[in-house]
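One file, run15.txt, carrying compact mmCIF, N, CA and C atoms:
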```txt
# COMPACT_ATOMS: atom_id res chain seq x y z
N GLN A 1 25.41 48.49 44.51
CA GLN A 1 24.89 48.61 43.18
C GLN A 1 23.97 47.44 42.90
N ARG A 2 23.01 47.62 42.02
CA ARG A 2 22.06 46.57 41.67
C ARG A 2 22.28 46.14 40.23
N HIS A 3 22.20 44.83 40.02
CA HIS A 3 22.23 44.25 38.69
C HIS A 3 20.88 44.52 38.05
N PRO A 4 20.80 44.59 36.71
CA PRO A 4 19.49 44.81 36.08
C PRO A 4 18.42 43.82 36.52
N GLY A 5 18.80 42.60 36.93
CA GLY A 5 17.84 41.62 37.41
C GLY A 5 17.41 41.88 38.84
N GLY A 6 17.96 42.93 39.49
CA GLY A 6 17.56 43.28 40.83
C GLY A 6 18.46 42.73 41.92
N ARG A 7 19.40 41.86 41.57
CA ARG A 7 20.28 41.28 42.58
C ARG A 7 21.43 42.23 42.88
N ALA A 8 21.94 42.12 44.09
CA ALA A 8 23.07 42.95 44.48
C ALA A 8 24.31 42.55 43.70
N CYS A 9 25.15 43.52 43.39
CA CYS A 9 26.39 43.29 42.67
C CYS A 9 27.55 43.82 43.49
N ARG A 10 28.70 43.20 43.33
CA ARG A 10 29.91 43.68 43.97
C ARG A 10 30.81 44.26 42.90
N ARG A 11 31.20 45.48 43.07
CA ARG A 11 32.06 46.14 42.09
C ARG A 11 33.49 46.08 42.57
N GLY A 12 34.36 45.63 41.67
CA GLY A 12 35.79 45.58 41.97
C GLY A 12 36.52 46.43 40.96
N ALA A 13 37.80 46.28 40.89
CA ALA A 13 38.61 47.03 39.94
C ALA A 13 38.48 46.38 38.57
N GLY A 14 37.35 46.56 37.93
CA GLY A 14 37.18 46.07 36.57
C GLY A 14 36.11 45.03 36.35
N ALA A 15 35.43 44.53 37.40
CA ALA A 15 34.43 43.49 37.20
C ALA A 15 33.30 43.62 38.21
N VAL A 16 32.09 43.23 37.78
CA VAL A 16 30.92 43.21 38.64
C VAL A 16 30.32 41.81 38.56
N VAL A 17 30.21 41.14 39.71
CA VAL A 17 29.66 39.79 39.80
C VAL A 17 28.33 39.85 40.52
N SER A 18 27.27 39.27 39.92
CA SER A 18 25.94 39.23 40.56
C SER A 18 25.96 38.25 41.72
N ASN A 19 25.54 38.70 42.89
CA ASN A 19 25.52 37.85 44.10
C ASN A 19 24.20 37.99 44.83
N PRO A 20 23.62 36.95 45.39
CA PRO A 20 24.01 35.56 45.18
C PRO A 20 23.49 35.07 43.84
N ALA A 21 24.01 33.93 43.40
CA ALA A 21 23.59 33.32 42.15
C ALA A 21 23.00 31.95 42.46
N SER A 22 22.29 31.39 41.47
CA SER A 22 21.77 30.03 41.67
C SER A 22 22.18 29.14 40.50
N ASP A 23 21.62 29.34 39.33
CA ASP A 23 21.91 28.48 38.18
C ASP A 23 22.83 29.13 37.15
N TYR A 24 23.00 30.47 37.23
CA TYR A 24 23.75 31.21 36.22
C TYR A 24 24.29 32.47 36.88
N VAL A 25 25.49 32.87 36.51
CA VAL A 25 26.03 34.14 36.99
C VAL A 25 26.42 34.98 35.78
N SER A 26 26.07 36.25 35.85
CA SER A 26 26.43 37.22 34.84
C SER A 26 27.54 38.09 35.39
N VAL A 27 28.61 38.24 34.62
CA VAL A 27 29.77 39.02 35.05
C VAL A 27 29.99 40.15 34.06
N HIS A 28 29.91 41.37 34.54
CA HIS A 28 30.15 42.56 33.73
C HIS A 28 31.59 42.99 33.96
N VAL A 29 32.36 43.11 32.87
CA VAL A 29 33.77 43.48 32.99
C VAL A 29 34.04 44.77 32.22
N ASP A 30 35.08 45.48 32.64
CA ASP A 30 35.54 46.63 31.87
C ASP A 30 36.00 46.15 30.50
N ASP A 31 35.88 47.02 29.49
CA ASP A 31 36.22 46.64 28.12
C ASP A 31 37.64 46.10 27.99
N GLU A 32 38.56 46.55 28.84
CA GLU A 32 39.95 46.08 28.73
C GLU A 32 40.08 44.59 29.00
N PHE A 33 39.10 43.96 29.66
CA PHE A 33 39.15 42.53 29.94
C PHE A 33 38.59 41.69 28.80
N VAL A 34 37.85 42.30 27.87
CA VAL A 34 37.34 41.56 26.71
C VAL A 34 38.54 41.08 25.91
N GLY A 35 38.53 39.79 25.60
CA GLY A 35 39.67 39.16 24.95
C GLY A 35 40.51 38.37 25.95
N GLY A 36 40.22 38.53 27.22
CA GLY A 36 40.92 37.80 28.27
C GLY A 36 40.17 36.53 28.63
N THR A 37 40.33 36.09 29.88
CA THR A 37 39.66 34.87 30.34
C THR A 37 38.91 35.11 31.64
N MET A 38 37.92 34.28 31.88
CA MET A 38 37.19 34.27 33.13
C MET A 38 37.26 32.85 33.68
N SER A 39 37.64 32.72 34.95
CA SER A 39 37.80 31.41 35.58
C SER A 39 36.94 31.34 36.83
N LEU A 40 36.45 30.14 37.11
CA LEU A 40 35.68 29.87 38.33
C LEU A 40 36.45 28.86 39.16
N TYR A 41 36.69 29.20 40.42
CA TYR A 41 37.44 28.35 41.35
C TYR A 41 36.60 28.03 42.57
N THR A 42 36.90 26.89 43.19
CA THR A 42 36.34 26.61 44.51
C THR A 42 37.02 27.56 45.50
N ALA A 43 36.48 27.65 46.70
CA ALA A 43 37.07 28.51 47.72
C ALA A 43 38.48 28.05 48.08
N SER A 44 38.78 26.77 47.86
CA SER A 44 40.13 26.25 48.16
C SER A 44 41.09 26.39 46.98
N GLY A 45 40.61 26.95 45.85
CA GLY A 45 41.50 27.26 44.74
C GLY A 45 41.52 26.27 43.59
N ARG A 46 40.63 25.28 43.58
CA ARG A 46 40.59 24.31 42.48
C ARG A 46 39.82 24.91 41.30
N LEU A 47 40.43 24.89 40.11
CA LEU A 47 39.81 25.42 38.91
C LEU A 47 38.66 24.54 38.47
N LEU A 48 37.48 25.14 38.27
CA LEU A 48 36.29 24.42 37.83
C LEU A 48 35.95 24.69 36.37
N ARG A 49 36.11 25.95 35.96
CA ARG A 49 35.76 26.36 34.60
C ARG A 49 36.67 27.50 34.16
N GLU A 50 36.90 27.56 32.85
CA GLU A 50 37.61 28.71 32.29
C GLU A 50 37.03 28.97 30.91
N VAL A 51 36.64 30.21 30.66
CA VAL A 51 36.04 30.59 29.39
C VAL A 51 36.70 31.86 28.87
N ALA A 52 36.67 32.01 27.56
CA ALA A 52 37.17 33.24 26.94
C ALA A 52 36.15 34.35 27.14
N LEU A 53 36.65 35.54 27.41
CA LEU A 53 35.78 36.72 27.54
C LEU A 53 35.69 37.39 26.17
N ASP A 54 34.68 36.98 25.40
CA ASP A 54 34.51 37.51 24.06
C ASP A 54 33.68 38.79 24.06
N ASP A 55 32.94 39.01 25.13
CA ASP A 55 32.04 40.17 25.21
C ASP A 55 31.70 40.41 26.68
N THR A 56 31.09 41.53 26.95
CA THR A 56 30.61 41.81 28.29
C THR A 56 29.14 42.19 28.20
N PRO A 57 28.26 41.68 29.04
CA PRO A 57 28.56 40.77 30.13
C PRO A 57 28.85 39.36 29.63
N ALA A 58 29.55 38.61 30.45
CA ALA A 58 29.83 37.19 30.19
C ALA A 58 29.08 36.39 31.25
N GLY A 59 28.89 35.11 31.00
CA GLY A 59 28.15 34.32 31.96
C GLY A 59 28.70 32.94 32.13
N LEU A 60 28.36 32.33 33.25
CA LEU A 60 28.73 30.96 33.55
C LEU A 60 27.51 30.20 34.04
N GLU A 61 27.31 28.99 33.51
CA GLU A 61 26.27 28.10 34.00
C GLU A 61 26.74 27.50 35.32
N LEU A 62 25.87 27.46 36.32
CA LEU A 62 26.22 26.97 37.65
C LEU A 62 25.33 25.84 38.13
N ASP A 63 24.43 25.37 37.28
CA ASP A 63 23.41 24.43 37.73
C ASP A 63 23.95 23.09 38.22
N ASP A 64 25.19 22.74 37.92
CA ASP A 64 25.76 21.48 38.38
C ASP A 64 26.61 21.63 39.64
N LEU A 65 26.66 22.83 40.20
CA LEU A 65 27.49 23.09 41.38
C LEU A 65 26.64 23.22 42.64
N PRO A 66 27.14 22.72 43.76
CA PRO A 66 26.40 22.85 45.01
C PRO A 66 26.47 24.27 45.57
N SER A 67 25.57 24.57 46.48
CA SER A 67 25.62 25.85 47.18
C SER A 67 26.97 26.01 47.86
N GLY A 68 27.43 27.24 47.95
CA GLY A 68 28.71 27.49 48.61
C GLY A 68 29.36 28.76 48.11
N VAL A 69 30.60 28.96 48.52
CA VAL A 69 31.37 30.14 48.15
C VAL A 69 32.41 29.73 47.11
N TYR A 70 32.50 30.51 46.05
CA TYR A 70 33.42 30.28 44.94
C TYR A 70 34.15 31.58 44.63
N LEU A 71 35.12 31.51 43.75
CA LEU A 71 35.86 32.70 43.32
C LEU A 71 35.77 32.81 41.81
N VAL A 72 35.45 34.03 41.34
CA VAL A 72 35.44 34.33 39.91
C VAL A 72 36.64 35.23 39.65
N GLN A 73 37.45 34.83 38.68
CA GLN A 73 38.64 35.61 38.36
C GLN A 73 38.60 35.98 36.88
N VAL A 74 38.81 37.27 36.59
CA VAL A 74 38.95 37.73 35.21
C VAL A 74 40.39 38.19 35.03
N ARG A 75 40.94 37.86 33.85
CA ARG A 75 42.36 38.12 33.63
C ARG A 75 42.58 38.57 32.19
N THR A 76 43.45 39.55 32.03
CA THR A 76 43.94 39.95 30.71
C THR A 76 45.32 40.55 30.90
N GLY A 77 46.26 40.08 30.12
CA GLY A 77 47.63 40.58 30.26
C GLY A 77 48.09 40.46 31.70
N ASP A 78 48.48 41.57 32.30
CA ASP A 78 48.95 41.55 33.69
C ASP A 78 47.87 42.01 34.67
N ARG A 79 46.65 42.25 34.22
CA ARG A 79 45.54 42.64 35.11
C ARG A 79 44.73 41.43 35.51
N VAL A 80 44.50 41.30 36.81
CA VAL A 80 43.70 40.19 37.35
C VAL A 80 42.76 40.76 38.40
N VAL A 81 41.49 40.38 38.32
CA VAL A 81 40.50 40.77 39.32
C VAL A 81 39.83 39.49 39.80
N THR A 82 39.78 39.31 41.11
CA THR A 82 39.12 38.14 41.70
C THR A 82 38.03 38.62 42.64
N GLN A 83 36.84 38.02 42.51
CA GLN A 83 35.73 38.37 43.39
C GLN A 83 35.05 37.10 43.89
N ARG A 84 34.45 37.23 45.04
CA ARG A 84 33.72 36.12 45.67
C ARG A 84 32.35 35.98 45.02
N LEU A 85 31.95 34.73 44.83
CA LEU A 85 30.63 34.39 44.30
C LEU A 85 29.97 33.43 45.27
N VAL A 86 28.73 33.73 45.65
CA VAL A 86 27.95 32.83 46.51
C VAL A 86 26.87 32.17 45.66
N ILE A 87 26.88 30.83 45.67
CA ILE A 87 25.81 30.08 45.03
C ILE A 87 24.86 29.67 46.14
N ASN A 88 23.61 30.06 45.98
CA ASN A 88 22.59 29.85 47.00
C ASN A 88 21.36 29.24 46.33
N ARG A 89 21.02 28.04 46.70
CA ARG A 89 19.86 27.36 46.10
C ARG A 89 18.71 27.30 47.08
```
Now, as a test, write the supplied structure out as structure tokens.
Amino acid sequence: QRHPGGRACRRGAGAVVSNPASDYVSVHVDDEFVGGTMSLYTASGRLLREVALDDTPAGLELDDLPSGVYLVQVRTGDRVVTQRLVINR
């Protein structure tokens, strides 16, 4: 699938993460995740950011992070979706 910006997207059970990203990532979530949280982790599992999902799409600024592989996790109640994010500069 393609993101409106033309980048490839990965579809999971409830979330679409634009890949690769550079300075910003847009995450489209199913409506059931609105009101939940979105977290960004290093590949080794260290939490870098956590934001409330007030609307979809949601976004994260990435301009202070180095290139590499990260994990984006969206959570609401007992539903959790985790997807890989590649930052490529």
Quote the spacing between atom CA of Val69 of chain A and atom CA of Arg49 of chain A in Å to one decimal place.
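The value is 14.7 Å.
Comparing the minimum interatomic distances between Leu40 of chain A and each of A:Val81, A:Ser22, A:Tyr70, A:Leu53, counting only N, CA and C atoms, we find that A:Tyr70 sits nearest.
Note that the spacing between atom CA of Asn88 of chain A and atom CA of Arg75 of chain A amounts to 25.3 Å.
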To test your reading of the structure, identify every residue in chain A that backbone DSSP assigns to strand (DSSP E), and report it as a PDB file with N, CA and C atoms, in the coordinates of the input.
```pdb
ATOM      1  N   CYS A   9      25.150  43.520  43.390  1.00  0.00           N
ATOM      2  CA  CYS A   9      26.390  43.290  42.670  1.00  0.00           C
ATOM      3  C   CYS A   9      27.550  43.820  43.490  1.00  0.00           C
ATOM      4  N   ARG A  10      28.700  43.200  43.330  1.00  0.00           N
ATOM      5  CA  ARG A  10      29.910  43.680  43.970  1.00  0.00           C
ATOM      6  C   ARG A  10      30.810  44.260  42.900  1.00  0.00           C
ATOM      7  N   ARG A  11      31.200  45.480  43.070  1.00  0.00           N
ATOM      8  CA  ARG A  11      32.060  46.140  42.090  1.00  0.00           C
ATOM      9  C   ARG A  11      33.490  46.080  42.570  1.00  0.00           C
ATOM     10  N   ALA A  15      35.430  44.530  37.400  1.00  0.00           N
ATOM     11  CA  ALA A  15      34.430  43.490  37.200  1.00  0.00           C
ATOM     12  C   ALA A  15      33.300  43.620  38.210  1.00  0.00           C
ATOM     13  N   VAL A  16      32.090  43.230  37.780  1.00  0.00           N
ATOM     14  CA  VAL A  16      30.920  43.210  38.640  1.00  0.00           C
ATOM     15  C   VAL A  16      30.320  41.810  38.560  1.00  0.00           C
ATOM     16  N   VAL A  17      30.210  41.140  39.710  1.00  0.00           N
ATOM     17  CA  VAL A  17      29.660  39.790  39.800  1.00  0.00           C
ATOM     18  C   VAL A  17      28.330  39.850  40.520  1.00  0.00           C
ATOM     19  N   SER A  18      27.270  39.270  39.920  1.00  0.00           N
ATOM     20  CA  SER A  18      25.940  39.230  40.560  1.00  0.00           C
ATOM     21  C   SER A  18      25.960  38.250  41.720  1.00  0.00           C
ATOM     22  N   TYR A  24      23.000  30.470  37.230  1.00  0.00           N
ATOM     23  CA  TYR A  24      23.750  31.210  36.220  1.00  0.00           C
ATOM     24  C   TYR A  24      24.290  32.470  36.880  1.00  0.00           C
ATOM     25  N   VAL A  25      25.490  32.870  36.510  1.00  0.00           N
ATOM     26  CA  VAL A  25      26.030  34.140  36.990  1.00  0.00           C
ATOM     27  C   VAL A  25      26.420  34.980  35.780  1.00  0.00           C
ATOM     28  N   SER A  26      26.070  36.250  35.850  1.00  0.00           N
ATOM     29  CA  SER A  26      26.430  37.220  34.840  1.00  0.00           C
ATOM     30  C   SER A  26      27.540  38.090  35.390  1.00  0.00           C
ATOM     31  N   VAL A  27      28.610  38.240  34.620  1.00  0.00           N
ATOM     32  CA  VAL A  27      29.770  39.020  35.050  1.00  0.00           C
ATOM     33  C   VAL A  27      29.990  40.150  34.060  1.00  0.00           C
ATOM     34  N   HIS A  28      29.910  41.370  34.540  1.00  0.00           N
ATOM     35  CA  HIS A  28      30.150  42.560  33.730  1.00  0.00           C
ATOM     36  C   HIS A  28      31.590  42.990  33.960  1.00  0.00           C
ATOM     37  N   VAL A  29      32.360  43.110  32.870  1.00  0.00           N
ATOM     38  CA  VAL A  29      33.770  43.480  32.990  1.00  0.00           C
ATOM     39  C   VAL A  29      34.040  44.770  32.220  1.00  0.00           C
ATOM     40  N   THR A  37      40.330  36.090  29.880  1.00  0.00           N
ATOM     41  CA  THR A  37      39.660  34.870  30.340  1.00  0.00           C
ATOM     42  C   THR A  37      38.910  35.110  31.640  1.00  0.00           C
ATOM     43  N   MET A  38      37.920  34.280  31.880  1.00  0.00           N
ATOM     44  CA  MET A  38      37.190  34.270  33.130  1.00  0.00           C
ATOM     45  C   MET A  38      37.260  32.850  33.680  1.00  0.00           C
ATOM     46  N   SER A  39      37.640  32.720  34.950  1.00  0.00           N
ATOM     47  CA  SER A  39      37.800  31.410  35.580  1.00  0.00           C
ATOM     48  C   SER A  39      36.940  31.340  36.830  1.00  0.00           C
ATOM     49  N   LEU A  40      36.450  30.140  37.110  1.00  0.00           N
ATOM     50  CA  LEU A  40      35.680  29.870  38.330  1.00  0.00           C
ATOM     51  C   LEU A  40      36.450  28.860  39.160  1.00  0.00           C
ATOM     52  N   TYR A  41      36.690  29.200  40.420  1.00  0.00           N
ATOM     53  CA  TYR A  41      37.440  28.350  41.350  1.00  0.00           C
ATOM     54  C   TYR A  41      36.600  28.030  42.570  1.00  0.00           C
ATOM     55  N   THR A  42      36.900  26.890  43.190  1.00  0.00           N
ATOM     56  CA  THR A  42      36.340  26.610  44.510  1.00  0.00           C
ATOM     57  C   THR A  42      37.020  27.560  45.500  1.00  0.00           C
ATOM     58  N   LEU A  47      40.430  24.890  40.110  1.00  0.00           N
ATOM     59  CA  LEU A  47      39.810  25.420  38.910  1.00  0.00           C
ATOM     60  C   LEU A  47      38.660  24.540  38.470  1.00  0.00           C
ATOM     61  N   LEU A  48      37.480  25.140  38.270  1.00  0.00           N
ATOM     62  CA  LEU A  48      36.290  24.420  37.830  1.00  0.00           C
ATOM     63  C   LEU A  48      35.950  24.690  36.370  1.00  0.00           C
ATOM     64  N   ARG A  49      36.110  25.950  35.960  1.00  0.00           N
ATOM     65  CA  ARG A  49      35.760  26.360  34.600  1.00  0.00           C
ATOM     66  C   ARG A  49      36.670  27.500  34.160  1.00  0.00           C
ATOM     67  N   GLU A  50      36.900  27.560  32.850  1.00  0.00           N
ATOM     68  CA  GLU A  50      37.610  28.710  32.290  1.00  0.00           C
ATOM     69  C   GLU A  50      37.030  28.970  30.910  1.00  0.00           C
ATOM     70  N   VAL A  51      36.640  30.210  30.660  1.00  0.00           N
ATOM     71  CA  VAL A  51      36.040  30.590  29.390  1.00  0.00           C
ATOM     72  C   VAL A  51      36.700  31.860  28.870  1.00  0.00           C
ATOM     73  N   ALA A  52      36.670  32.010  27.560  1.00  0.00           N
ATOM     74  CA  ALA A  52      37.170  33.240  26.940  1.00  0.00           C
ATOM     75  C   ALA A  52      36.150  34.350  27.140  1.00  0.00           C
ATOM     76  N   ALA A  58      29.550  38.610  30.450  1.00  0.00           N
ATOM     77  CA  ALA A  58      29.830  37.190  30.190  1.00  0.00           C
ATOM     78  C   ALA A  58      29.080  36.390  31.250  1.00  0.00           C
ATOM     79  N   GLY A  59      28.890  35.110  31.000  1.00  0.00           N
ATOM     80  CA  GLY A  59      28.150  34.320  31.960  1.00  0.00           C
ATOM     81  C   GLY A  59      28.700  32.940  32.130  1.00  0.00           C
ATOM     82  N   LEU A  60      28.360  32.330  33.250  1.00  0.00           N
ATOM     83  CA  LEU A  60      28.730  30.960  33.550  1.00  0.00           C
ATOM     84  C   LEU A  60      27.510  30.200  34.040  1.00  0.00           C
ATOM     85  N   GLU A  61      27.310  28.990  33.510  1.00  0.00           N
ATOM     86  CA  GLU A  61      26.270  28.100  34.000  1.00  0.00           C
ATOM     87  C   GLU A  61      26.740  27.500  35.320  1.00  0.00           C
ATOM     88  N   GLY A  68      27.430  27.240  47.950  1.00  0.00           N
ATOM     89  CA  GLY A  68      28.710  27.490  48.610  1.00  0.00           C
ATOM     90  C   GLY A  68      29.360  28.760  48.110  1.00  0.00           C
ATOM     91  N   VAL A  69      30.600  28.960  48.520  1.00  0.00           N
ATOM     92  CA  VAL A  69      31.370  30.140  48.150  1.00  0.00           C
ATOM     93  C   VAL A  69      32.410  29.730  47.110  1.00  0.00           C
ATOM     94  N   TYR A  70      32.500  30.510  46.050  1.00  0.00           N
ATOM     95  CA  TYR A  70      33.420  30.280  44.940  1.00  0.00           C
ATOM     96  C   TYR A  70      34.150  31.580  44.630  1.00  0.00           C
ATOM     97  N   LEU A  71      35.120  31.510  43.750  1.00  0.00           N
ATOM     98  CA  LEU A  71      35.860  32.700  43.320  1.00  0.00           C
ATOM     99  C   LEU A  71      35.770  32.810  41.810  1.00  0.00           C
ATOM    100  N   VAL A  72      35.450  34.030  41.340  1.00  0.00           N
ATOM    101  CA  VAL A  72      35.440  34.330  39.910  1.00  0.00           C
ATOM    102  C   VAL A  72      36.640  35.230  39.650  1.00  0.00           C
ATOM    103  N   GLN A  73      37.450  34.830  38.680  1.00  0.00           N
ATOM    104  CA  GLN A  73      38.640  35.610  38.360  1.00  0.00           C
ATOM    105  C   GLN A  73      38.600  35.980  36.880  1.00  0.00           C
ATOM    106  N   VAL A  74      38.810  37.270  36.590  1.00  0.00           N
ATOM    107  CA  VAL A  74      38.950  37.730  35.210  1.00  0.00           C
ATOM    108  C   VAL A  74      40.390  38.190  35.030  1.00  0.00           C
ATOM    109  N   ARG A  75      40.940  37.860  33.850  1.00  0.00           N
ATOM    110  CA  ARG A  75      42.360  38.120  33.630  1.00  0.00           C
ATOM    111  C   ARG A  75      42.580  38.570  32.190  1.00  0.00           C
ATOM    112  N   THR A  76      43.450  39.550  32.030  1.00  0.00           N
ATOM    113  CA  THR A  76      43.940  39.950  30.710  1.00  0.00           C
ATOM    114  C   THR A  76      45.320  40.550  30.900  1.00  0.00           C
ATOM    115  N   ARG A  79      46.650  42.250  34.220  1.00  0.00           N
ATOM    116  CA  ARG A  79      45.540  42.640  35.110  1.00  0.00           C
ATOM    117  C   ARG A  79      44.730  41.430  35.510  1.00  0.00           C
ATOM    118  N   VAL A  80      44.500  41.300  36.810  1.00  0.00           N
ATOM    119  CA  VAL A  80      43.700  40.190  37.350  1.00  0.00           C
ATOM    120  C   VAL A  80      42.760  40.760  38.400  1.00  0.00           C
ATOM    121  N   VAL A  81      41.490  40.380  38.320  1.00  0.00           N
ATOM    122  CA  VAL A  81      40.500  40.770  39.320  1.00  0.00           C
ATOM    123  C   VAL A  81      39.830  39.490  39.800  1.00  0.00           C
ATOM    124  N   THR A  82      39.780  39.310  41.110  1.00  0.00           N
ATOM    125  CA  THR A  82      39.120  38.140  41.700  1.00  0.00           C
ATOM    126  C   THR A  82      38.030  38.620  42.640  1.00  0.00           C
ATOM    127  N   GLN A  83      36.840  38.020  42.510  1.00  0.00           N
ATOM    128  CA  GLN A  83      35.730  38.370  43.390  1.00  0.00           C
ATOM    129  C   GLN A  83      35.050  37.100  43.890  1.00  0.00           C
ATOM    130  N   ARG A  84      34.450  37.230  45.040  1.00  0.00           N
ATOM    131  CA  ARG A  84      33.720  36.120  45.670  1.00  0.00           C
ATOM    132  C   ARG A  84      32.350  35.980  45.020  1.00  0.00           C
ATOM    133  N   LEU A  85      31.950  34.730  44.830  1.00  0.00           N
ATOM    134  CA  LEU A  85      30.630  34.390  44.300  1.00  0.00           C
ATOM    135  C   LEU A  85      29.970  33.430  45.270  1.00  0.00           C
ATOM    136  N   VAL A  86      28.730  33.730  45.650  1.00  0.00           N
ATOM    137  CA  VAL A  86      27.950  32.830  46.510  1.00  0.00           C
ATOM    138  C   VAL A  86      26.870  32.170  45.660  1.00  0.00           C
ATOM    139  N   ILE A  87      26.880  30.830  45.670  1.00  0.00           N
ATOM    140  CA  ILE A  87      25.810  30.080  45.030  1.00  0.00           C
ATOM    141  C   ILE A  87      24.860  29.670  46.140  1.00  0.00           C
TER     142      ILE A  87
END
```
Excluding Thr56 of chain A and any residue of its chain fewer than 4 positions from it, enumerate the residues within 7 Å of it, using only C-alpha atoms, and give them as a ChimeraX atom specification.
/A:28-29,34
Kindly indicate which residue among A:Val72, A:Asn19, A:Gly77, A:Gly35 lies nearest to Ala52 of chain A, using all atoms listed in the file for the distances.
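Among A:Val72, A:Asn19, A:Gly77, A:Gly35, it is A:Gly35 that comes nearest to Ala52 of chain A.
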Surrounding residues of Val51 of chain A excluding itself and chain neighbours under 5 positions, 6.5 Å, all atoms listed in the file, as a list in words
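Near neighbours after the sequence-gap exclusion: Gly36, Thr37, Met38, Ser39 and Leu40 of chain A.
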Could you jot down the atom CA of Arg79 of chain A to atom CA of Leu60 of chain A separation for me, Å, one decimal place?
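Here the two named atoms are 20.5 Å from each other.
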Using all atoms listed in the file, which of A:Leu48, A:Ala21, A:Ala15, A:Ala43 sits nearest Thr82 of chain A?
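Smallest separation from Thr82 of chain A among the options: A:Ala15.
Across A:Ile87, A:Thr42, A:Ala58, A:Asp23, the tightest approach to Leu71 of chain A is made by A:Thr42 when counting only N, CA and C atoms.
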Mind rebuilding segment 62-67 of chain A with all heavy atoms and writing that out as a JSON list (two decimals), in the coordinates of the input?
```json
[["chain", "number", "residue", "atom", "x", "y", "z"],
["A", 62, "LEU", "N", 25.87, 27.46, 36.32],
["A", 62, "LEU", "CA", 26.22, 26.97, 37.65],
["A", 62, "LEU", "C", 25.33, 25.84, 38.13],
["A", 62, "LEU", "O", 25.47, 25.39, 39.26],
["A", 62, "LEU", "CB", 26.11, 28.13, 38.66],
["A", 62, "LEU", "CG", 26.87, 29.41, 38.33],
["A", 62, "LEU", "CD1", 26.49, 30.51, 39.31],
["A", 62, "LEU", "CD2", 28.37, 29.15, 38.34],
["A", 63, "ASP", "N", 24.43, 25.37, 37.28],
["A", 63, "ASP", "CA", 23.41, 24.43, 37.73],
["A", 63, "ASP", "C", 23.95, 23.09, 38.22],
["A", 63, "ASP", "O", 23.26, 22.37, 38.93],
["A", 63, "ASP", "CB", 22.34, 24.21, 36.66],
["A", 63, "ASP", "CG", 22.91, 23.78, 35.32],
["A", 63, "ASP", "OD1", 24.13, 23.75, 35.16],
["A", 63, "ASP", "OD2", 22.10, 23.49, 34.42],
["A", 64, "ASP", "N", 25.19, 22.74, 37.92],
["A", 64, "ASP", "CA", 25.76, 21.48, 38.38],
["A", 64, "ASP", "C", 26.61, 21.63, 39.64],
["A", 64, "ASP", "O", 27.20, 20.65, 40.11],
["A", 64, "ASP", "CB", 26.61, 20.85, 37.27],
["A", 64, "ASP", "CG", 27.80, 21.72, 36.88],
["A", 64, "ASP", "OD1", 27.66, 22.96, 36.91],
["A", 64, "ASP", "OD2", 28.85, 21.16, 36.54],
["A", 65, "LEU", "N", 26.66, 22.83, 40.20],
["A", 65, "LEU", "CA", 27.49, 23.09, 41.38],
["A", 65, "LEU", "C", 26.64, 23.22, 42.64],
["A", 65, "LEU", "O", 25.56, 23.80, 42.61],
["A", 65, "LEU", "CB", 28.31, 24.37, 41.19],
["A", 65, "LEU", "CG", 29.28, 24.35, 40.01],
["A", 65, "LEU", "CD1", 29.89, 25.72, 39.82],
["A", 65, "LEU", "CD2", 30.35, 23.30, 40.24],
["A", 66, "PRO", "N", 27.14, 22.72, 43.76],
["A", 66, "PRO", "CA", 26.40, 22.85, 45.01],
["A", 66, "PRO", "C", 26.47, 24.27, 45.57],
["A", 66, "PRO", "O", 27.34, 25.06, 45.19],
["A", 66, "PRO", "CB", 27.10, 21.86, 45.95],
["A", 66, "PRO", "CG", 28.48, 21.74, 45.41],
["A", 66, "PRO", "CD", 28.37, 21.93, 43.93],
["A", 67, "SER", "N", 25.57, 24.57, 46.48],
["A", 67, "SER", "CA", 25.62, 25.85, 47.18],
["A", 67, "SER", "C", 26.97, 26.01, 47.86],
["A", 67, "SER", "O", 27.58, 25.02, 48.30],
["A", 67, "SER", "CB", 24.52, 25.93, 48.24],
["A", 67, "SER", "OG", 23.26, 25.90, 47.64]]
```
